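Structure below is query15.cif: mmCIF, C-alpha atoms and all ligand atoms.
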data_entry
#
loop_
_atom_site.group_PDB
_atom_site.id
_atom_site.type_symbol
_atom_site.label_atom_id
_atom_site.label_comp_id
_atom_site.auth_asym_id
_atom_site.auth_seq_id
_atom_site.Cartn_x
_atom_site.Cartn_y
_atom_site.Cartn_z
ATOM 1 C CA MET A 10 13.896 8.527 6.354
ATOM 2 C CA LYS A 11 10.881 10.188 7.863
ATOM 3 C CA GLN A 12 10.698 9.211 11.507
ATOM 4 C CA ILE A 13 9.147 5.783 11.092
ATOM 5 C CA LYS A 14 9.414 5.314 14.828
ATOM 6 C CA ASP A 15 7.309 8.424 15.447
ATOM 7 C CA ILE A 16 4.681 7.322 12.942
ATOM 8 C CA LEU A 17 4.262 4.029 14.797
ATOM 9 C CA GLN A 18 4.272 5.567 18.250
ATOM 10 C CA ALA A 19 1.772 8.246 17.268
ATOM 11 C CA GLN A 20 -0.658 5.423 16.512
ATOM 12 C CA GLY A 21 0.095 3.556 19.717
ATOM 13 C CA LEU A 22 2.161 0.808 18.070
ATOM 14 C CA LYS A 23 5.402 -0.366 19.649
ATOM 15 C CA PRO A 24 8.251 0.338 17.219
ATOM 16 C CA THR A 25 9.544 -3.229 17.081
ATOM 17 C CA PHE A 26 12.424 -3.999 14.739
ATOM 18 C CA GLN A 27 10.204 -5.881 12.301
ATOM 19 C CA ARG A 28 7.512 -3.210 12.204
ATOM 20 C CA LEU A 29 10.154 -0.580 11.534
ATOM 21 C CA ARG A 30 11.694 -2.601 8.709
ATOM 22 C CA ILE A 31 8.363 -3.422 7.081
ATOM 23 C CA LEU A 32 7.114 0.167 7.169
ATOM 24 C CA GLU A 33 10.470 1.393 5.912
ATOM 25 C CA TYR A 34 10.222 -1.104 3.064
ATOM 26 C CA LEU A 35 6.826 0.273 2.047
ATOM 27 C CA GLN A 36 8.114 3.838 2.215
ATOM 28 C CA LYS A 37 10.912 2.943 -0.177
ATOM 29 C CA ASN A 38 8.966 0.685 -2.536
ATOM 30 C CA HIS A 39 6.031 2.344 -4.205
ATOM 31 C CA ASN A 40 5.216 -0.655 -6.399
ATOM 32 C CA HIS A 41 2.331 -1.755 -4.133
ATOM 33 C CA PRO A 42 3.931 -5.062 -3.115
ATOM 34 C CA THR A 43 2.106 -8.205 -1.984
ATOM 35 C CA VAL A 44 3.014 -10.053 1.234
ATOM 36 C CA GLU A 45 5.061 -12.466 -0.914
ATOM 37 C CA MET A 46 7.055 -9.663 -2.529
ATOM 38 C CA ILE A 47 7.849 -8.074 0.835
ATOM 39 C CA TYR A 48 8.807 -11.461 2.256
ATOM 40 C CA GLU A 49 11.119 -12.348 -0.645
ATOM 41 C CA ASP A 50 13.058 -9.116 -0.135
ATOM 42 C CA LEU A 51 13.121 -8.915 3.651
ATOM 43 C CA VAL A 52 14.008 -12.549 4.311
ATOM 44 C CA LYS A 53 17.387 -11.893 2.642
ATOM 45 C CA GLU A 54 18.388 -9.561 5.461
ATOM 46 C CA ILE A 55 16.141 -10.906 8.243
ATOM 47 C CA PRO A 56 16.283 -14.714 7.862
ATOM 48 C CA THR A 57 14.047 -15.219 10.910
ATOM 49 C CA ILE A 58 11.141 -13.216 9.533
ATOM 50 C CA SER A 59 8.008 -15.145 8.541
ATOM 51 C CA LYS A 60 5.136 -14.402 6.187
ATOM 52 C CA THR A 61 2.786 -14.554 9.159
ATOM 53 C CA THR A 62 4.757 -11.835 10.943
ATOM 54 C CA ILE A 63 4.664 -9.669 7.843
ATOM 55 C CA TYR A 64 0.968 -10.297 7.360
ATOM 56 C CA ASN A 65 0.152 -9.482 10.998
ATOM 57 C CA THR A 66 2.300 -6.362 10.912
ATOM 58 C CA LEU A 67 0.652 -5.127 7.718
ATOM 59 C CA ASP A 68 -2.716 -5.839 9.268
ATOM 60 C CA ALA A 69 -1.899 -3.741 12.334
ATOM 61 C CA LEU A 70 -0.506 -0.905 10.203
ATOM 62 C CA ALA A 71 -3.579 -0.935 7.969
ATOM 63 C CA GLU A 72 -5.940 -0.959 10.919
ATOM 64 C CA LYS A 73 -4.286 2.199 12.222
ATOM 65 C CA GLY A 74 -4.535 3.803 8.822
ATOM 66 C CA ILE A 75 -0.753 4.059 8.434
ATOM 67 C CA ILE A 76 -0.816 2.000 5.240
ATOM 68 C CA HIS A 77 -3.613 1.152 2.822
ATOM 69 C CA THR A 78 -4.672 -2.126 1.303
ATOM 70 C CA ILE A 79 -5.465 -2.306 -2.385
ATOM 71 C CA THR A 80 -7.535 -5.172 -3.760
ATOM 72 C CA ILE A 81 -7.557 -4.038 -7.378
ATOM 73 C CA THR A 82 -6.671 -7.468 -8.820
ATOM 74 C CA GLY A 83 -9.479 -9.174 -6.903
ATOM 75 C CA THR A 84 -7.227 -12.109 -6.054
ATOM 76 C CA GLU A 85 -4.568 -10.629 -3.820
ATOM 77 C CA CYS A 86 -3.969 -7.844 -1.374
ATOM 78 C CA ARG A 87 -1.385 -5.211 -2.146
ATOM 79 C CA TYR A 88 -0.006 -2.673 0.291
ATOM 80 C CA ASP A 89 0.569 1.027 -0.097
ATOM 81 C CA TYR A 90 2.198 3.647 2.079
ATOM 82 C CA GLN A 91 1.115 7.097 1.041
ATOM 83 C CA SER A 92 -0.120 9.882 3.256
ATOM 84 C CA PHE A 93 -2.713 11.067 0.741
ATOM 85 C CA TRP A 94 -5.501 9.223 -1.051
ATOM 86 C CA HIS A 95 -5.001 8.416 -4.682
ATOM 87 C CA HIS A 96 -6.418 6.125 -7.334
ATOM 88 C CA HIS A 97 -4.768 3.110 -8.934
ATOM 89 C CA PHE A 98 -4.348 1.721 -12.409
ATOM 90 C CA LEU A 99 -3.840 -2.013 -12.972
ATOM 91 C CA CYS A 100 -2.118 -3.164 -16.135
ATOM 92 C CA ARG A 101 -3.832 -6.333 -17.328
ATOM 93 C CA ARG A 102 -0.726 -7.404 -19.229
ATOM 94 C CA CYS A 103 2.181 -6.938 -16.801
ATOM 95 C CA GLY A 104 0.211 -6.753 -13.559
ATOM 96 C CA ARG A 105 1.778 -3.519 -12.371
ATOM 97 C CA VAL A 106 -0.285 -1.310 -10.070
ATOM 98 C CA ILE A 107 0.435 2.335 -10.799
ATOM 99 C CA ASP A 108 -0.598 5.468 -8.907
ATOM 100 C CA VAL A 109 -2.763 7.780 -10.981
ATOM 101 C CA ASP A 110 -3.343 11.429 -10.346
ATOM 102 C CA ILE A 111 -6.998 12.166 -10.968
ATOM 103 C CA LYS A 112 -8.823 15.121 -9.555
ATOM 104 C CA CYS A 113 -11.622 13.388 -7.706
ATOM 105 C CA PRO A 114 -14.340 15.664 -6.311
ATOM 106 C CA TYR A 115 -14.865 13.397 -3.294
ATOM 107 C CA MET A 116 -11.213 13.307 -2.219
ATOM 108 C CA LYS A 117 -11.509 16.435 -0.137
ATOM 109 C CA LYS A 118 -15.241 16.577 0.663
ATOM 110 C CA LYS A 119 -15.175 13.605 3.016
ATOM 111 C CA GLN A 120 -18.891 13.141 2.754
ATOM 112 C CA ILE A 121 -21.517 12.060 0.265
ATOM 113 C CA ASN A 122 -25.325 12.115 0.680
ATOM 114 C CA GLY A 123 -24.828 12.688 4.386
ATOM 115 C CA HIS A 124 -22.521 9.669 4.754
ATOM 116 C CA ARG A 125 -19.049 10.194 6.123
ATOM 117 C CA VAL A 126 -16.314 9.041 3.745
ATOM 118 C CA GLU A 127 -13.309 7.500 5.488
ATOM 119 C CA GLU A 128 -11.648 5.785 2.573
ATOM 120 C CA LEU A 129 -11.721 6.232 -1.144
ATOM 121 C CA HIS A 130 -10.455 3.745 -3.708
ATOM 122 C CA GLY A 131 -10.629 4.315 -7.422
ATOM 123 C CA TYR A 132 -9.570 1.344 -9.548
ATOM 124 C CA LEU A 133 -8.823 1.710 -13.230
ATOM 125 C CA LYS A 134 -7.747 -1.195 -15.435
ATOM 126 C CA GLY A 135 -6.194 -1.432 -18.863
ATOM 127 C CA ILE A 136 -2.813 -1.688 -20.563
ATOM 128 C CA CYS A 137 0.022 0.468 -19.252
ATOM 129 C CA LYS A 138 2.075 2.691 -21.544
ATOM 130 C CA GLU A 139 5.180 0.480 -21.352
ATOM 131 C CA CYS A 140 3.178 -2.539 -22.510
ATOM 132 C CA LEU A 141 1.510 -0.484 -25.247
ATOM 133 C CA ARG A 142 4.934 0.553 -26.519
ATOM 134 C CA LYS A 143 6.157 -3.059 -26.644
ATOM 135 C CA LYS A 144 3.323 -4.122 -28.912
HETATM 136 ZN ZN ZN B 1 1.928 -3.182 -18.355
HETATM 137 ZN ZN ZN B 2 -0.650 3.837 -4.567
#
Target encoding structure tokens, full file:
Amino acid sequence: MKQIKDILQAQGLKPTFQRLRILEYLQKNHNHPTVEMIYEDLVKEIPTISKTTIYNTLDALAEKGIIHTITITGTECRYDYQSFWHHHFLCRRCGRVIDVDIKCPYMKKKQINGHRVEELHGYLKGICKECLRKK
């Protein structure tokens, strides 16, 4: 596992046990989980963990730019650990959020009309290929 401890320390965050486990979880699970999904999985091995702890940890990680928040559904926040910017596709039928590889001209430029770009989120919505196949 890529030195999770180093990632936290480089951003001035104490590598507490819960922070390490939550970041590790996001590194392993690329399904853009919600707080609930992370909680359901982690509480099995860390019975003392609370949703508030997870929420606060995710908040701190996002603030430092270690993880990214995705609000593609408009009703919930999903979390993503990925060192590079990418766009997302939401399946309206099964609700999956999938990474999409689109060559975006603004990804590398970091500026537009003189404004500095610090984040870039492209949201696409439709029906994913698995759901299309089931029809
Ligand atoms: Zn689908
Ligand atoms: Zn993603």
Selection near range 36-49 of chain A, 7 Å with all atoms listed in the file, sequence-local residues under 3 positions removed, as a PDB file with C-alpha atoms, keeping the file's coordinate frame:
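To be explicit, this is the file written out as around35.pdb:
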ATOM      1  CA  LEU A  32       7.114   0.167   7.169  1.00  0.00           C
ATOM      2  CA  GLU A  33      10.470   1.393   5.912  1.00  0.00           C
ATOM      3  CA  VAL A  52      14.008 -12.549   4.311  1.00  0.00           C
ATOM      4  CA  LYS A  60       5.136 -14.402   6.187  1.00  0.00           C
ATOM      5  CA  ILE A  63       4.664  -9.669   7.843  1.00  0.00           C
ATOM      6  CA  TYR A  64       0.968 -10.297   7.360  1.00  0.00           C
ATOM      7  CA  CYS A  86      -3.969  -7.844  -1.374  1.00  0.00           C
ATOM      8  CA  ARG A  87      -1.385  -5.211  -2.146  1.00  0.00           C
ATOM      9  CA  TYR A  88      -0.006  -2.673   0.291  1.00  0.00           C
ATOM     10  CA  ASP A  89       0.569   1.027  -0.097  1.00  0.00           C
ATOM     11  CA  TYR A  90       2.198   3.647   2.079  1.00  0.00           C
ATOM     12  CA  VAL A 106      -0.285  -1.310 -10.070  1.00  0.00           C
TER      13      VAL A 106
END
What's the separation between CA of Gly131 in chain A and CA of His95 in chain A, in Å to one decimal place? 7.5 Å
Tell me which of A:His130, A:Arg102, A:Arg142, A:Arg125 sits closest to ligand ZN 1 (chain B), counting all atoms listed in the file. A:Arg102
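Going from CA of Phe26 in chain A to CA of Ile107 in chain A covers 28.9 Å.
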Show me, as JSON lines, the residues of chain A having an atom within 12 Å of ligand ZN 1 (chain B), each with the closest atom pair and its distance in Å, using all atoms listed in the file.
{"residue": "A:Phe98", "atom": "CA", "partner": "B:ZN1", "partner_atom": "ZN", "distance": 9.9}
{"residue": "A:Leu99", "atom": "CA", "partner": "B:ZN1", "partner_atom": "ZN", "distance": 8.0}
{"residue": "A:Cys100", "atom": "CA", "partner": "B:ZN1", "partner_atom": "ZN", "distance": 4.6}
{"residue": "A:Arg101", "atom": "CA", "partner": "B:ZN1", "partner_atom": "ZN", "distance": 6.6}
{"residue": "A:Arg102", "atom": "CA", "partner": "B:ZN1", "partner_atom": "ZN", "distance": 5.1}
{"residue": "A:Cys103", "atom": "CA", "partner": "B:ZN1", "partner_atom": "ZN", "distance": 4.1}
{"residue": "A:Gly104", "atom": "CA", "partner": "B:ZN1", "partner_atom": "ZN", "distance": 6.2}
{"residue": "A:Arg105", "atom": "CA", "partner": "B:ZN1", "partner_atom": "ZN", "distance": 6.0}
{"residue": "A:Val106", "atom": "CA", "partner": "B:ZN1", "partner_atom": "ZN", "distance": 8.8}
{"residue": "A:Ile107", "atom": "CA", "partner": "B:ZN1", "partner_atom": "ZN", "distance": 9.5}
{"residue": "A:Lys134", "atom": "CA", "partner": "B:ZN1", "partner_atom": "ZN", "distance": 10.3}
{"residue": "A:Gly135", "atom": "CA", "partner": "B:ZN1", "partner_atom": "ZN", "distance": 8.3}
{"residue": "A:Ile136", "atom": "CA", "partner": "B:ZN1", "partner_atom": "ZN", "distance": 5.4}
{"residue": "A:Cys137", "atom": "CA", "partner": "B:ZN1", "partner_atom": "ZN", "distance": 4.2}
{"residue": "A:Lys138", "atom": "CA", "partner": "B:ZN1", "partner_atom": "ZN", "distance": 6.7}
{"residue": "A:Glu139", "atom": "CA", "partner": "B:ZN1", "partner_atom": "ZN", "distance": 5.7}
{"residue": "A:Cys140", "atom": "CA", "partner": "B:ZN1", "partner_atom": "ZN", "distance": 4.4}
{"residue": "A:Leu141", "atom": "CA", "partner": "B:ZN1", "partner_atom": "ZN", "distance": 7.4}
{"residue": "A:Arg142", "atom": "CA", "partner": "B:ZN1", "partner_atom": "ZN", "distance": 9.5}
{"residue": "A:Lys143", "atom": "CA", "partner": "B:ZN1", "partner_atom": "ZN", "distance": 9.3}
{"residue": "A:Lys144", "atom": "CA", "partner": "B:ZN1", "partner_atom": "ZN", "distance": 10.7}
Give me the result of the PyMOL selection byres (((chain A and resi 28) around 10) and not hetatm) on this file, residue by residue, as a PyMOL selection string. chain A and resi 13-14+17+22-27+29-34+62-63+65-67+69-70
Quick one: write out the picked residues with C-alpha atoms as a compact mmCIF listing (two decimals), in the frame of the given file?
# COMPACT_ATOMS: atom_id res chain seq x y z
CA ILE A 13 9.15 5.78 11.09
CA LYS A 14 9.41 5.31 14.83
CA LEU A 17 4.26 4.03 14.80
CA LEU A 22 2.16 0.81 18.07
CA LYS A 23 5.40 -0.37 19.65
CA PRO A 24 8.25 0.34 17.22
CA THR A 25 9.54 -3.23 17.08
CA PHE A 26 12.42 -4.00 14.74
CA GLN A 27 10.20 -5.88 12.30
CA LEU A 29 10.15 -0.58 11.53
CA ARG A 30 11.69 -2.60 8.71
CA ILE A 31 8.36 -3.42 7.08
CA LEU A 32 7.11 0.17 7.17
CA GLU A 33 10.47 1.39 5.91
CA TYR A 34 10.22 -1.10 3.06
CA THR A 62 4.76 -11.84 10.94
CA ILE A 63 4.66 -9.67 7.84
CA ASN A 65 0.15 -9.48 11.00
CA THR A 66 2.30 -6.36 10.91
CA LEU A 67 0.65 -5.13 7.72
CA ALA A 69 -1.90 -3.74 12.33
CA LEU A 70 -0.51 -0.90 10.20
Could you state the separation of CA of Gln18 in chain A and CA of Phe93 in chain A in Å, given to one decimal place? 19.6 Å
